[in-house]
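Student: Before we start, here is the structure in question, set down as structure tokens.
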Amino acid sequence: MPRLSFLRPKSLMGQMLLAVAAALLLVQGIGAILVYRAQRESYEVGMVNAAAFRLIAETRGRGGVGHIGRHDRSPFAGPPLRGFPLQTSNASPANPGEPRDTRAEARLQRILTEQEFPSSGIVVVHRTVQGDPVGHDNTMKWAAHRGKDERQIADRMDDHLLVVGVKQPAGGGWTIVRVRSPRDANMLVQPLIVQTLIIYLVLVGAVALILRRITRPLAALTRRVEQFAVAPGSVGQLEPSGPEDMRHLIVAHNAMEARIVAMLDEKDVMLGAIGHDLKTPLAALRVRIESVEDDNERGRMARTIEDIVRTLDDILSLARVGRPSDPRERTELSALVASVVEEYEDMGEPVELGDTQRIVLELRSTWMRRALRNLIGNALRYGQRARVTLVREGGSAVILIEDDGPGIPDDTIEDMMNPFVRGDPSRNSTTGGAGLGLALARAIADQHGGALILANRLSAAGTVEGLTARLEIPVG
């Protein structure tokens with residue numbers, strides 16, 4: 001038994017799957033055997049009764065048939081049973097060595113005895129229409145008369161043919177009856193397939209309802225995790241429910257969530273303190289440099305302080321972008337993009353607003369303006385000009401910012417969106433900032449559930465003619 005312990009899963013899901021698999025196997029096996037036996041028996045009885053009916057009706061007339069019942073229809077309401085003309089012969093219809101159906105012969109003997117139909121011998125064999133000379137010839141005549149095509153003829157040739165021979169007493173000849181029906185495989189297998197499908201649908205439906213009830217706490221936990229990823233620290237925690245292992249998982253998640261929220265709160269307090277403690281002396285230093293008599297030296301000191309303040313603002317913004325305090329507001333994105341472009345146009349910057357579509361969605365407009373300013377500023381700094389367009393692609397609003405610069409090497413495009421990575425490694429303040437603009441723009445896109453994608457724009461000759469920043473924001 002210990003060797004088979006791996007076949008007994010301990011988890012609830014594993015045990016249910018094992019039980020369902022075993023139940024399906026058992027039910028289907030028993031059901032298939034019982035149904036096949038019942039259908040096979042009914043099929044054989046129907047064929048023999050049809051042969052007896054034709055034999056007696058053709059020789060005595062329909063009024064001479066006792067309680068056999070009309071069996072000119074095949075079993076299970078399938079296509080009607082069809083017969084060929086009655087044949088008389090001096091020879092048995094069974095070929096030498098051909099297997100005979102002794103059960104059908106005994107059943108037919110009982111029917112003929114009950115109907116007082118004289119016979120001194122009975123032969124029952126099974127063939128296809130193709131394998132019976134009389135059946136084949138009659139089928140070809142039927143096809144020629146009805147104008148049937150080869151496919152219809154081939155289907156008819158594959159039908160099952162029951163050949164029954166009854167030898168007349170006192171040295172009489174053989175009376176031969178042929179009854180045709182569609183192949184028994186088609187008639188018996190199709191109901192089994194239907195039954196199998198019904199069983200599977202019923203069982204799978206019941207299991208689906210049970211699993212849905214059991215996994216409902218897991219779905220609630222998934223939604224809570226997704227909500228926490230978008231807005232950490234939201235009010236309330238998930239109430240433990242479901243099986244014991246699911247309850248333990250929810251309790252552990254609640255504890256982890258509380259610790260993360262506490263760490264984020266501590267980070268916000270620390271960032272606020274850093275911003276206050278650094279900006280205050282910088283402001284005091286900015287006042288003190290006014291006493292410097294050398295204008296050039298005073299200007300350089302002022303620019304240095306401004307660079308420090310701007311870098312500090314970028315660092316604090318990047319740290320806080322993942323946990324924004326302002327809610328999303330319904331905003332017309334096309335108007336927001338146009339207003340940002342107008343700011344640069346008013347300053348005389350070569351920024352062009354291309355085609356835009358009216359798209360309304362919920363976003364944090366202050367952060368989105370920050371991302372656009374960073375991207376347009378990079379385009380002006382490295383590409384001399386910027387072209388901004390807004391289109392809707394599927395379920396996303398796409399803002400494209402194109403420039404005419406040298407682009408970025410393909411192997412460093414992803415690195416350029418990391419913090420403190422610059423296109424100019426010299427750290428020259430005249431050619432760029434601290435390397436936080438693209439990182440902040442990507443973080444803002446992530447904050448809205450979107451993405452920032454950079455790609456070089458190629459000319460027809462395959463040379464780089466600029467860079468395209470693609471800012472995607474989901475709509476709805």
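Every chain in the structure tokens takes a letter, A first, then B, and so on in the order presented; its residues are numbered from 1, and the ligands are numbered from 1 following the presented order.
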Residues near Ala52 in chain A, anyone? I mean within 8 Å using only C-alpha atoms, not counting same-chain ones fewer than 2 positions away, as number ranges by chain.

Tutor: A: 48-50, 54-56, 108, 111-112

Student: Can you list every residue in range 74-320 of chain A that DSSP puts in strand (DSSP E), as a compact mmCIF listing (two decimals) with C-alpha atoms, in the first residue's frame?

Tutor:
# COMPACT_ATOMS: atom_id res chain seq x y z
CA ARG A 82 -35.90 -3.23 -46.64
CA GLY A 83 -36.18 -6.63 -48.22
CA GLN A 87 -36.29 -16.35 -53.76
CA THR A 88 -36.69 -20.08 -54.10
CA SER A 89 -33.74 -22.34 -54.66
CA GLY A 121 -34.38 -26.77 -41.84
CA ILE A 122 -33.40 -23.17 -41.20
CA VAL A 123 -30.21 -21.33 -42.19
CA VAL A 124 -29.38 -17.77 -41.09
CA VAL A 125 -26.22 -15.99 -42.24
CA HIS A 126 -25.05 -12.38 -42.07
CA ARG A 127 -23.56 -10.63 -45.06
CA THR A 128 -23.13 -7.22 -46.61
CA HIS A 160 -26.10 -5.22 -43.35
CA LEU A 161 -27.98 -8.08 -45.04
CA LEU A 162 -29.67 -10.87 -43.12
CA VAL A 163 -30.09 -13.93 -45.35
CA VAL A 164 -32.63 -16.47 -44.09
CA GLY A 165 -33.24 -19.80 -45.77
CA VAL A 166 -36.15 -22.10 -44.81
CA LYS A 167 -36.22 -25.60 -46.29
CA TRP A 174 -35.38 -23.54 -50.01
CA THR A 175 -37.34 -20.36 -49.56
CA ILE A 176 -34.86 -17.50 -49.09
CA VAL A 177 -35.62 -14.11 -47.54
CA ARG A 178 -33.21 -11.19 -47.47
CA VAL A 179 -33.65 -8.27 -45.08
CA ARG A 180 -31.41 -5.21 -45.40
CA SER A 181 -30.78 -2.52 -42.81

Student: Using only C-alpha atoms, determine which residues lie at most 7 Å from Thr468 in chain A, disregarding the query and same-chain residues fewer than 5 positions distant; provide the list as a list of chain:residue names.

Tutor: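 Result of the neighbour search: A:Leu400, A:Ile401, A:Glu402, A:Asp403, A:Leu454, A:Ala455, A:Asn456, A:Arg457.
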
Student: List every residue of range 305-374 of chain A that DSSP, applied to the backbone of this structure, places in alpha helix (DSSP H), and write the result as JSON, numbers by chain.

Tutor: {"A": [305, 306, 307, 308, 309, 310, 311, 312, 313, 314, 315, 316, 317, 318, 319, 320, 333, 334, 335, 336, 337, 338, 339, 340, 341, 342, 343, 344, 345, 346, 365, 366, 367, 368, 369, 370, 371, 372, 373, 374]}

Student: Go ahead and save the residues from that selection, with C-alpha atoms, as a tab-separated table (two decimals), in the first residue's frame.

Tutor:
chain	number	residue	atom	x	y	z
A	305	ILE	CA	20.81	74.12	-7.09
A	306	GLU	CA	17.98	73.93	-9.63
A	307	ASP	CA	19.41	70.68	-11.02
A	308	ILE	CA	19.56	69.23	-7.52
A	309	VAL	CA	15.96	70.28	-6.79
A	310	ARG	CA	14.72	68.90	-10.11
A	311	THR	CA	16.53	65.59	-9.59
A	312	LEU	CA	15.15	65.38	-6.06
A	313	ASP	CA	11.63	65.98	-7.38
A	314	ASP	CA	12.08	63.25	-9.97
A	315	ILE	CA	13.34	60.79	-7.37
A	316	LEU	CA	10.46	61.50	-5.02
A	317	SER	CA	7.93	61.27	-7.88
A	318	LEU	CA	9.36	57.94	-9.05
A	319	ALA	CA	9.15	56.59	-5.51
A	320	ARG	CA	5.54	57.72	-5.06
A	333	LEU	CA	-7.36	62.43	-23.33
A	334	SER	CA	-7.27	64.32	-26.63
A	335	ALA	CA	-7.81	67.63	-24.82
A	336	LEU	CA	-5.10	66.77	-22.27
A	337	VAL	CA	-2.60	65.95	-25.03
A	338	ALA	CA	-3.46	69.15	-26.91
A	339	SER	CA	-2.96	71.27	-23.78
A	340	VAL	CA	0.50	69.81	-23.16
A	341	VAL	CA	1.50	70.43	-26.79
A	342	GLU	CA	0.24	74.03	-26.51
A	343	GLU	CA	2.55	74.61	-23.54
A	344	TYR	CA	5.55	73.85	-25.75
A	345	GLU	CA	4.16	75.83	-28.67
A	346	ASP	CA	3.78	78.87	-26.41
A	365	SER	CA	-4.29	63.77	-15.31
A	366	THR	CA	-1.44	65.25	-13.24
A	367	TRP	CA	0.66	62.13	-13.64
A	368	MET	CA	-0.25	61.75	-17.31
A	369	ARG	CA	0.86	65.33	-18.00
A	370	ARG	CA	4.15	64.54	-16.28
A	371	ALA	CA	4.70	61.51	-18.49
A	372	LEU	CA	3.92	63.46	-21.68
A	373	ARG	CA	6.23	66.31	-20.69
A	374	ASN	CA	9.06	63.88	-20.05

Student: With only C-alpha atoms as the atoms that count, which of A:Gly407, A:Leu24, A:Asp415, A:Asp268 lies nearest to Leu197 in chain A?

Tutor: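 Of A:Gly407, A:Leu24, A:Asp415, A:Asp268, the one nearest Leu197 in chain A, counting only C-alpha atoms, is A:Leu24.
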
Student: Near Ala170 in chain A, within 10 Å and counting only C-alpha atoms, which residues show up once chain neighbours fewer than 3 positions away are dropped, as a VMD selection string?

Tutor: chain A and resid 119 to 120 167 173

Student: Output the selection as a PDB file, in the first residue's frame - N, CA, C and O atoms for each residue.

Tutor:
ATOM      1  N   SER A 119     -41.449 -26.369 -41.789  1.00  0.00           N
ATOM      2  CA  SER A 119     -40.055 -26.239 -42.230  1.00  0.00           C
ATOM      3  C   SER A 119     -39.286 -27.450 -41.760  1.00  0.00           C
ATOM      4  O   SER A 119     -39.593 -28.035 -40.721  1.00  0.00           O
ATOM      5  N   SER A 120     -38.308 -27.855 -42.544  1.00  0.00           N
ATOM      6  CA  SER A 120     -37.465 -28.983 -42.163  1.00  0.00           C
ATOM      7  C   SER A 120     -36.020 -28.554 -41.931  1.00  0.00           C
ATOM      8  O   SER A 120     -35.171 -29.371 -41.596  1.00  0.00           O
ATOM      9  N   LYS A 167     -36.036 -24.442 -45.407  1.00  0.00           N
ATOM     10  CA  LYS A 167     -36.222 -25.600 -46.289  1.00  0.00           C
ATOM     11  C   LYS A 167     -37.615 -26.175 -46.089  1.00  0.00           C
ATOM     12  O   LYS A 167     -38.043 -26.422 -44.948  1.00  0.00           O
ATOM     13  N   GLY A 173     -37.835 -27.382 -51.828  1.00  0.00           N
ATOM     14  CA  GLY A 173     -36.651 -26.535 -51.964  1.00  0.00           C
ATOM     15  C   GLY A 173     -36.534 -25.538 -50.818  1.00  0.00           C
ATOM     16  O   GLY A 173     -37.241 -25.602 -49.806  1.00  0.00           O
TER      17      GLY A 173
END

Student: Identify which of the residues A:Leu436, A:Leu209, A:Leu285, A:Leu361 lies closest to Val421 in chain A, counting only C-alpha atoms when measuring atom-to-atom distances.

Tutor: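 Comparing A:Leu436, A:Leu209, A:Leu285, A:Leu361 against Val421 in chain A, the winner is A:Leu436.
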
Student: Determine the nearest neighbour of Gly31 in chain A from the options A:Leu201, A:Ile399, A:Leu192, A:Val129, counting only C-alpha atoms.

Tutor: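 Result for the nearest residue to Gly31 in chain A: A:Leu192.
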